[in-house]
Each structure stands twice: as C-alpha cells, then as structure tokens.
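Asker: Just passing along the structure, written as structure tokens.
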Amino acid sequence: MKNFENIKVTVEDGIAILTLSRPKALNALNNMLLGELYHFFTEELAALKLKGIIITGDGEKSFVAGADISEFVEVKPGESFSPENGHKVFNAIESCPIPVIAAVNGFALGGGCELAMACHIRVASESALFGTPEVKLGIIPGFGGTQRLCQLVGRGRALELMMTADMIDGKEAYRIGLANHVVPAGQEIAKAQEILGKIAQKAPLAISKVIDSVGAYYAHDRDGFKSEIENFEYLTTTQDFREGAGAFLEKRKASFKGE
C-alpha cells in the first residue's frame, strides 16, 4: 500500500481504519489529503478485500475541522475556486461497494461535516460538534453538503443549519438524524467496529447492491426502482443467494463467500 502523508491506515480483521492526520490544522482537508483519500478509494481498496472502512480524525479535538481555507484564498481576484475535486472524492466514498462509517470525534465542520455525510453511517461522540459555517465566510457548502444534509435531516432543518451556521453536538445530531448513533467520547471506533461486525456476517454482494440501489435513489441520472430490480435479479444468480436460501431452509448459519 502507498505510504500516505496525511492518512494513517490500519487493517484488523478485514476492517480498515483511516485516521486523517493533520493535527496542527485540526485535520482540515487540503488538496493533498483529498488526493490521498481519492487514491485509497479508487486505487488501493480493491486489493485489500475489506469488510468495511472507518474514517476518523487524529486526536480528541477534531474529526475534520473543515476545508483548508488557506487554499481558497490563494485564488486571484476575478477568478473562482472550483469544489469539483471535493465532489469527486466524496462521491467515491459514497459509492464505495463496502460500508464506510464515519467515527466522528470533536469538530466536524464545513468540509468535515460533508465528509461525514458522504459516509454510509455516522457514529458521533457526545462531544462531537457538527456544523456548516460556510456562510460566515461568504460561501456555501461546496462538497455536496447542500444536497446530503437535506437528504439526512430534511429541507427545513438543513436550511436552518446552513443559514444560521449553528453548531450542534452529537446528541442533537442523533436526534435530527444526522448521526446514526451517539456514544460517550472515545467509544466511536468501537461502536463502528461493532456495526461493521454485524454487517460482515451478511452476504457481501448483497451489501454492495444495497449501497448501489440506495445510491440510485439519489442519483439524478438513474432510476432507483429499476436499479433495485436489476440488482435483485443479479443476486438471485449468485452462489451467495443459493447458500443463504439453503441455510435458511436447513436452519443453519450461512457461510457467504462473496460469489
């Protein structure tokens, strides 16, 4: 595996933990870190044969404090800064065929909140702080936040959070549906591992098609119902389906091989 400068990667029992590590900048997303994330999900992932991925931040203070604003302000007057690179990275995470969980410790602001939302599941510590403060800088969320926040918490709450720039803690994030779980500080990764352990007992091809079918619902160029039908039909041709159905009828535990 490539040695990353801003990401620590550990793999245990088929679960990769990606620790984003720019502690002096509270793990803010710069172009290099985004590039390393993209490389992991598009180049490294296939060879690792993982059951799941956990993304977290280095240190107790921050998951990701936001995008690196110093790169934004390098733009000359009259020019613009395109957020398309962030979209490319977060879309790769969202469409990853294995489950990705954000273990949110501390600040998840701006691009950090957007990164967490691109993951399939979010586990937040009670001390986590979510927010979309971009309007304070005269911009808006640009890495998919205006779309994914609405999907997760609804239009009204999303508009309020983005327009007021208010921060909310882990308990409130859980209450409104931004976080799937809230746990005491320091237990985020353990909870994420517990969830991935449950998922890993299920048919891996079916898990990947659940992710794909749900993704089709939100894609502007795909028919979600058609994708569900196609994915269902494909799964009925797999060995995993024959194993799962046989195990059910024979009242035994299934042994899936991803085939």
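Going through the structure tokens in order, the chains are called A, B, and so on, while each chain numbers its residues from 1 and the ligands are numbered from 1 in the order shown.
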As a ChimeraX atom specification, which residues of range 9-251 of chain A does DSSP assign to helix (DSSP H, G or I)?
Answerer: /A:23-25,31-48,69-72,84-94,111-118,134-137,145-153,155-164,170-176,188-200,204-218,224-235,239-249
Asker: Find the residues near Arg148 in chain A: any atom within 10 Å, counting only C-alpha atoms, skip ones fewer than 3 places away on the same chain, and give them as a ChimeraX atom specification.
Answerer: /A:114,117-118,143-145,151-154,158,178,218
Asker: Give me a file of those residues, with N, CA, C and O atoms, as a JSON list (two decimals), in the first residue's frame.
Answerer:
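Contents of result19.json, freshly written:
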```
[["chain", "number", "residue", "atom", "x", "y", "z"],
["A", 114, "GLU", "N", -19.35, 17.54, 5.71],
["A", 114, "GLU", "CA", -19.66, 17.00, 4.39],
["A", 114, "GLU", "C", -19.02, 15.62, 4.19],
["A", 114, "GLU", "O", -19.62, 14.73, 3.58],
["A", 117, "MET", "N", -21.04, 13.09, 6.05],
["A", 117, "MET", "CA", -22.30, 12.82, 5.37],
["A", 117, "MET", "C", -22.11, 11.95, 4.14],
["A", 117, "MET", "O", -23.03, 11.25, 3.72],
["A", 118, "ALA", "N", -20.92, 11.97, 3.54],
["A", 118, "ALA", "CA", -20.65, 11.12, 2.38],
["A", 118, "ALA", "C", -20.47, 9.66, 2.78],
["A", 118, "ALA", "O", -20.62, 8.77, 1.94],
["A", 143, "PHE", "N", -18.93, 20.79, -1.11],
["A", 143, "PHE", "CA", -18.53, 19.41, -1.36],
["A", 143, "PHE", "C", -19.72, 18.47, -1.25],
["A", 143, "PHE", "O", -19.61, 17.33, -0.80],
["A", 144, "GLY", "N", -20.89, 18.94, -1.67],
["A", 144, "GLY", "CA", -22.10, 18.12, -1.64],
["A", 144, "GLY", "C", -22.98, 18.34, -0.42],
["A", 144, "GLY", "O", -24.02, 17.70, -0.27],
["A", 145, "GLY", "N", -22.58, 19.27, 0.46],
["A", 145, "GLY", "CA", -23.31, 19.45, 1.70],
["A", 145, "GLY", "C", -24.73, 19.95, 1.55],
["A", 145, "GLY", "O", -25.61, 19.55, 2.31],
["A", 151, "GLN", "N", -30.94, 15.45, 2.48],
["A", 151, "GLN", "CA", -31.30, 14.03, 2.43],
["A", 151, "GLN", "C", -31.37, 13.43, 3.83],
["A", 151, "GLN", "O", -32.22, 12.58, 4.11],
["A", 152, "LEU", "N", -30.48, 13.86, 4.71],
["A", 152, "LEU", "CA", -30.38, 13.25, 6.03],
["A", 152, "LEU", "C", -31.33, 13.85, 7.06],
["A", 152, "LEU", "O", -31.89, 13.13, 7.88],
["A", 153, "VAL", "N", -31.51, 15.17, 7.05],
["A", 153, "VAL", "CA", -32.29, 15.79, 8.13],
["A", 153, "VAL", "C", -33.53, 16.51, 7.63],
["A", 153, "VAL", "O", -34.31, 17.02, 8.44],
["A", 154, "GLY", "N", -33.75, 16.57, 6.32],
["A", 154, "GLY", "CA", -34.91, 17.27, 5.78],
["A", 154, "GLY", "C", -34.58, 18.70, 5.40],
["A", 154, "GLY", "O", -33.64, 19.31, 5.90],
["A", 158, "ALA", "N", -32.11, 21.45, 7.37],
["A", 158, "ALA", "CA", -30.89, 21.69, 6.62],
["A", 158, "ALA", "C", -30.72, 23.18, 6.31],
["A", 158, "ALA", "O", -29.63, 23.74, 6.48],
["A", 178, "LEU", "N", -28.85, 13.23, 11.73],
["A", 178, "LEU", "CA", -27.55, 13.42, 11.09],
["A", 178, "LEU", "C", -26.57, 12.32, 11.49],
["A", 178, "LEU", "O", -25.74, 11.89, 10.70],
["A", 218, "TYR", "N", -30.87, 8.58, -5.12],
["A", 218, "TYR", "CA", -30.46, 9.98, -5.04],
["A", 218, "TYR", "C", -29.77, 10.48, -6.31],
["A", 218, "TYR", "O", -29.55, 11.69, -6.45]]
```
Asker: Write out as a PyMOL selection string all residues of range 83-201 of chain A that DSSP puts in strand (DSSP E) for this structure's backbone.
Answerer: chain A and resi 100-104+107-109+121-125+129-131+167-169+181-183
Asker: For those residues, write C-alpha atoms to a file as a compact mmCIF listing (two decimals), in the first residue's frame.
Answerer:
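out_30.txt written:
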```txt
# COMPACT_ATOMS: atom_id res chain seq x y z
CA VAL A 100 -17.94 3.17 5.22
CA ILE A 101 -18.57 4.56 8.72
CA ALA A 102 -17.53 7.98 9.96
CA ALA A 103 -16.40 7.83 13.61
CA VAL A 104 -16.81 11.49 14.50
CA PHE A 107 -15.16 19.12 15.28
CA ALA A 108 -16.93 18.05 12.08
CA LEU A 109 -17.37 21.44 10.47
CA ILE A 121 -23.19 5.59 8.50
CA ARG A 122 -22.16 8.13 11.15
CA VAL A 123 -21.23 7.34 14.77
CA ALA A 124 -20.76 10.51 16.84
CA SER A 125 -19.28 11.06 20.24
CA LEU A 129 -19.66 19.25 17.07
CA PHE A 130 -21.28 19.31 13.64
CA GLY A 131 -21.81 22.46 11.62
CA MET A 167 -23.10 24.06 15.62
CA ILE A 168 -24.85 21.05 17.15
CA ASP A 169 -23.41 18.36 19.43
CA HIS A 181 -25.52 6.63 16.87
CA VAL A 182 -24.16 8.77 19.68
CA VAL A 183 -21.73 7.31 22.21
```
Asker: For Phe63 in chain A, which residue among A:Ile189, A:Ala92, A:Leu149, A:Ala203 is the nearest when counting only C-alpha atoms?
Answerer: A:Ile189
Asker: Pick from A:Glu160, A:Glu194, A:Asp166, A:Glu84: nearest to Ile15 in chain A, with only C-alpha atoms counted?
Answerer: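 Going through A:Glu160, A:Glu194, A:Asp166, A:Glu84 one by one, the smallest distance to Ile15 in chain A is for A:Glu194.
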Asker: When you draw a straight line from CA of Ala46 in chain A to CA of Val11 in chain A, how long is it in Å?
Answerer: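 Going from CA of Ala46 in chain A over to CA of Val11 in chain A, I get 13.9 Å.
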Asker: Can you tell me, as a compact mmCIF listing (two decimals) with all heavy atoms, in the first residue's frame, what residues are no more than 10 Å from Glu228 in chain A when counting only C-alpha atoms, ignoring any on the same chain fewer than 2 positions away?
Answerer:
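That gives us around_36.txt:
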```
# COMPACT_ATOMS: atom_id res chain seq x y z
N LYS A 209 -24.92 -4.30 -3.19
CA LYS A 209 -26.08 -3.93 -4.01
C LYS A 209 -27.09 -3.09 -3.23
O LYS A 209 -27.84 -2.31 -3.83
CB LYS A 209 -26.74 -5.18 -4.59
CG LYS A 209 -25.85 -5.93 -5.59
CD LYS A 209 -25.36 -5.03 -6.72
CE LYS A 209 -24.53 -5.79 -7.73
NZ LYS A 209 -23.98 -4.90 -8.79
N VAL A 210 -27.14 -3.26 -1.90
CA VAL A 210 -27.95 -2.33 -1.09
C VAL A 210 -27.40 -0.92 -1.25
O VAL A 210 -28.14 0.04 -1.48
CB VAL A 210 -27.93 -2.76 0.39
CG1 VAL A 210 -28.46 -1.62 1.27
CG2 VAL A 210 -28.77 -4.00 0.61
N ASP A 212 -25.58 0.30 -3.66
CA ASP A 212 -25.80 0.77 -5.02
C ASP A 212 -27.25 1.18 -5.26
O ASP A 212 -27.52 2.22 -5.87
CB ASP A 212 -25.41 -0.33 -6.02
CG ASP A 212 -25.61 0.10 -7.46
OD1 ASP A 212 -24.79 0.91 -7.95
OD2 ASP A 212 -26.59 -0.35 -8.09
N SER A 213 -28.19 0.38 -4.78
CA SER A 213 -29.61 0.68 -5.01
C SER A 213 -30.04 1.94 -4.29
O SER A 213 -30.79 2.76 -4.84
CB SER A 213 -30.47 -0.51 -4.55
OG SER A 213 -30.16 -1.67 -5.29
N VAL A 214 -29.58 2.13 -3.06
CA VAL A 214 -29.91 3.35 -2.33
C VAL A 214 -29.27 4.55 -3.01
O VAL A 214 -29.87 5.63 -3.13
CB VAL A 214 -29.46 3.24 -0.86
CG1 VAL A 214 -29.62 4.58 -0.15
CG2 VAL A 214 -30.27 2.17 -0.14
N ALA A 216 -28.75 4.90 -6.11
CA ALA A 216 -29.51 5.19 -7.33
C ALA A 216 -30.73 6.07 -7.04
O ALA A 216 -31.14 6.86 -7.89
CB ALA A 216 -29.96 3.88 -7.99
N TYR A 217 -31.29 5.95 -5.85
CA TYR A 217 -32.44 6.77 -5.47
C TYR A 217 -32.10 8.25 -5.53
O TYR A 217 -32.92 9.09 -5.93
CB TYR A 217 -32.92 6.39 -4.08
CG TYR A 217 -34.00 7.29 -3.52
CD1 TYR A 217 -35.33 7.11 -3.89
CD2 TYR A 217 -33.70 8.33 -2.65
CE1 TYR A 217 -36.33 7.93 -3.39
CE2 TYR A 217 -34.69 9.16 -2.15
CZ TYR A 217 -36.00 8.96 -2.52
OH TYR A 217 -36.98 9.78 -2.03
N ASP A 223 -32.58 5.47 -12.37
CA ASP A 223 -33.91 5.12 -11.87
C ASP A 223 -33.70 4.14 -10.71
O ASP A 223 -33.26 3.01 -10.91
CB ASP A 223 -34.72 4.47 -12.99
CG ASP A 223 -36.15 4.12 -12.57
OD1 ASP A 223 -36.35 3.72 -11.40
OD2 ASP A 223 -37.05 4.23 -13.40
N GLY A 224 -34.02 4.58 -9.49
CA GLY A 224 -33.79 3.77 -8.32
C GLY A 224 -34.55 2.45 -8.33
O GLY A 224 -34.01 1.40 -7.96
N PHE A 225 -35.80 2.49 -8.77
CA PHE A 225 -36.60 1.26 -8.80
C PHE A 225 -36.04 0.27 -9.82
O PHE A 225 -35.95 -0.93 -9.56
CB PHE A 225 -38.06 1.58 -9.13
CG PHE A 225 -38.78 2.27 -8.02
CD1 PHE A 225 -39.02 3.63 -8.07
CD2 PHE A 225 -39.21 1.57 -6.90
CE1 PHE A 225 -39.67 4.28 -7.04
CE2 PHE A 225 -39.87 2.21 -5.87
CZ PHE A 225 -40.10 3.57 -5.94
N LYS A 226 -35.62 0.79 -10.99
CA LYS A 226 -35.02 -0.07 -12.00
C LYS A 226 -33.72 -0.69 -11.49
O LYS A 226 -33.46 -1.88 -11.71
CB LYS A 226 -34.76 0.72 -13.28
CG LYS A 226 -34.20 -0.11 -14.41
CD LYS A 226 -33.99 0.73 -15.67
CE LYS A 226 -33.41 -0.13 -16.79
NZ LYS A 226 -33.18 0.69 -18.02
N GLU A 230 -32.79 -4.69 -11.11
CA GLU A 230 -31.60 -5.27 -11.75
C GLU A 230 -30.68 -5.91 -10.71
O GLU A 230 -30.13 -7.00 -10.93
CB GLU A 230 -30.86 -4.20 -12.54
CG GLU A 230 -31.63 -3.71 -13.77
CD GLU A 230 -30.98 -2.52 -14.43
OE1 GLU A 230 -30.07 -1.92 -13.81
OE2 GLU A 230 -31.37 -2.18 -15.56
N ASN A 231 -30.49 -5.22 -9.59
CA ASN A 231 -29.62 -5.75 -8.55
C ASN A 231 -30.21 -7.01 -7.92
O ASN A 231 -29.48 -7.97 -7.63
CB ASN A 231 -29.37 -4.69 -7.47
CG ASN A 231 -28.41 -3.61 -7.95
OD1 ASN A 231 -27.55 -3.85 -8.79
ND2 ASN A 231 -28.56 -2.41 -7.41
N PHE A 232 -31.51 -7.01 -7.70
CA PHE A 232 -32.18 -8.19 -7.14
C PHE A 232 -32.01 -9.38 -8.08
O PHE A 232 -31.66 -10.49 -7.65
CB PHE A 232 -33.66 -7.90 -6.91
CG PHE A 232 -34.41 -9.01 -6.24
CD1 PHE A 232 -34.60 -9.01 -4.86
CD2 PHE A 232 -34.92 -10.07 -6.98
CE1 PHE A 232 -35.29 -10.05 -4.24
CE2 PHE A 232 -35.61 -11.11 -6.36
CZ PHE A 232 -35.79 -11.09 -4.99
N GLU A 233 -32.28 -9.15 -9.37
CA GLU A 233 -32.18 -10.24 -10.34
C GLU A 233 -30.76 -10.79 -10.39
O GLU A 233 -30.55 -12.01 -10.45
CB GLU A 233 -32.60 -9.74 -11.73
CG GLU A 233 -34.10 -9.48 -11.83
CD GLU A 233 -34.50 -8.90 -13.19
OE1 GLU A 233 -33.60 -8.43 -13.91
OE2 GLU A 233 -35.70 -8.92 -13.50
N TYR A 234 -29.77 -9.90 -10.38
CA TYR A 234 -28.37 -10.36 -10.40
C TYR A 234 -28.06 -11.22 -9.18
O TYR A 234 -27.44 -12.28 -9.29
CB TYR A 234 -27.43 -9.16 -10.45
CG TYR A 234 -26.01 -9.52 -10.05
CD1 TYR A 234 -25.19 -10.24 -10.91
CD2 TYR A 234 -25.51 -9.16 -8.79
CE1 TYR A 234 -23.91 -10.61 -10.53
CE2 TYR A 234 -24.23 -9.52 -8.40
CZ TYR A 234 -23.43 -10.25 -9.28
OH TYR A 234 -22.17 -10.61 -8.89
```
Asker: Fewer than 5 positions away in the same chain doesn't count, so skip those; otherwise give me all residues within 10 Å of range 137-141 of chain A, counting only C-alpha atoms, as a list of chain:residue names.
Answerer: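 Within the cut-off, the hits are A:Ile69, A:Pro83, A:Gly110, A:Gly111, A:Cys113, A:Glu114, A:Thr132, A:Thr146, A:Gln147, A:Leu149, A:Met162, A:Met163.
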Asker: Calculated over only C-alpha atoms, which of the candidates A:Gly244, A:Gly177, A:Val89, A:Arg157 has the smallest distance to Gln201 in chain A?
Answerer: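 Nearest candidate to Gln201 in chain A out of A:Gly244, A:Gly177, A:Val89, A:Arg157: A:Gly244.
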Asker: Would you pick out the contacts of range 38-41 of chain A at 9 Å or less, using only C-alpha atoms, so that residues sharing its chain but fewer than 4 positions from it are not included, and give the list as a ChimeraX atom specification?
Answerer: /A:1-2,33-34,45-46,88-90,92-93,96
Asker: Compile the contact shell of Pro204 in chain A as a PyMOL selection string: residues with an atom at most 10 Å away, counting only C-alpha atoms, same-chain residues fewer than 6 positions apart removed.
Answerer: chain A and resi 51+97-99+210+240+256-259
Asker: How would the residues just chosen look if you wrote them out with all heavy atoms as a compact mmCIF listing (two decimals), in the first residue's frame?
Answerer:
```
# COMPACT_ATOMS: atom_id res chain seq x y z
N LYS A 51 -13.88 -5.81 4.75
CA LYS A 51 -15.27 -5.95 5.15
C LYS A 51 -15.91 -4.58 5.40
O LYS A 51 -17.13 -4.45 5.38
CB LYS A 51 -15.37 -6.78 6.42
CG LYS A 51 -14.79 -8.18 6.32
CD LYS A 51 -14.80 -8.85 7.69
CE LYS A 51 -14.13 -10.21 7.64
NZ LYS A 51 -14.06 -10.83 9.01
N PRO A 97 -18.35 0.17 -2.61
CA PRO A 97 -19.21 -1.02 -2.52
C PRO A 97 -19.17 -1.73 -1.18
O PRO A 97 -19.91 -2.69 -0.97
CB PRO A 97 -18.66 -1.92 -3.63
CG PRO A 97 -17.23 -1.51 -3.76
CD PRO A 97 -17.20 -0.04 -3.50
N ILE A 98 -18.31 -1.30 -0.27
CA ILE A 98 -18.32 -1.85 1.08
C ILE A 98 -18.67 -0.72 2.05
O ILE A 98 -18.45 0.45 1.75
CB ILE A 98 -16.97 -2.50 1.46
CG1 ILE A 98 -15.85 -1.46 1.44
CG2 ILE A 98 -16.65 -3.66 0.55
CD1 ILE A 98 -14.53 -2.01 1.92
N PRO A 99 -19.24 -1.05 3.22
CA PRO A 99 -19.72 0.00 4.12
C PRO A 99 -18.60 0.89 4.67
O PRO A 99 -17.54 0.39 5.06
CB PRO A 99 -20.42 -0.77 5.24
CG PRO A 99 -19.89 -2.17 5.15
CD PRO A 99 -19.56 -2.40 3.71
N VAL A 210 -27.14 -3.26 -1.90
CA VAL A 210 -27.95 -2.33 -1.09
C VAL A 210 -27.40 -0.92 -1.25
O VAL A 210 -28.14 0.04 -1.48
CB VAL A 210 -27.93 -2.76 0.39
CG1 VAL A 210 -28.46 -1.62 1.27
CG2 VAL A 210 -28.77 -4.00 0.61
N ASP A 240 -23.88 -16.89 -3.31
CA ASP A 240 -24.28 -16.40 -2.00
C ASP A 240 -25.78 -16.56 -1.78
O ASP A 240 -26.22 -16.91 -0.68
CB ASP A 240 -23.90 -14.92 -1.86
CG ASP A 240 -22.48 -14.73 -1.35
OD1 ASP A 240 -21.79 -15.74 -1.11
OD2 ASP A 240 -22.05 -13.57 -1.20
N PHE A 256 -21.09 -17.20 3.70
CA PHE A 256 -21.01 -16.45 2.44
C PHE A 256 -19.56 -16.28 1.99
O PHE A 256 -18.66 -16.08 2.80
CB PHE A 256 -21.66 -15.08 2.61
CG PHE A 256 -23.13 -15.16 2.92
CD1 PHE A 256 -23.62 -14.74 4.15
CD2 PHE A 256 -24.02 -15.63 1.97
CE1 PHE A 256 -24.96 -14.80 4.43
CE2 PHE A 256 -25.39 -15.70 2.26
CZ PHE A 256 -25.86 -15.27 3.50
N LYS A 257 -19.36 -16.33 0.67
CA LYS A 257 -18.02 -16.19 0.10
C LYS A 257 -17.90 -15.02 -0.87
O LYS A 257 -16.86 -14.80 -1.46
CB LYS A 257 -17.61 -17.50 -0.60
CG LYS A 257 -17.54 -18.70 0.33
CD LYS A 257 -17.13 -19.95 -0.41
CE LYS A 257 -17.03 -21.15 0.53
NZ LYS A 257 -16.64 -22.39 -0.18
N GLY A 258 -18.97 -14.28 -1.04
CA GLY A 258 -18.92 -13.16 -1.97
C GLY A 258 -18.85 -13.59 -3.41
O GLY A 258 -18.25 -12.93 -4.24
N GLU A 259 -19.53 -14.69 -3.73
CA GLU A 259 -19.52 -15.22 -5.08
C GLU A 259 -20.93 -15.45 -5.60
O GLU A 259 -21.84 -15.66 -4.81
CB GLU A 259 -18.76 -16.58 -5.12
CG GLU A 259 -17.32 -16.46 -4.66
CD GLU A 259 -16.66 -17.83 -4.54
OE1 GLU A 259 -17.37 -18.84 -4.64
OE2 GLU A 259 -15.45 -17.89 -4.32
```
Asker: I'd like the neighbourhood of Ser127 in chain A as a list in words, where a residue qualifies if any of its atoms comes within 8 Å (using only C-alpha atoms), though same-chain residues fewer than 5 positions away should be ignored.
Answerer: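 These residues fall inside the cut-off: Asn105, Gly106, Asp169, Gly170, Pro184 and Ala185 of chain A.
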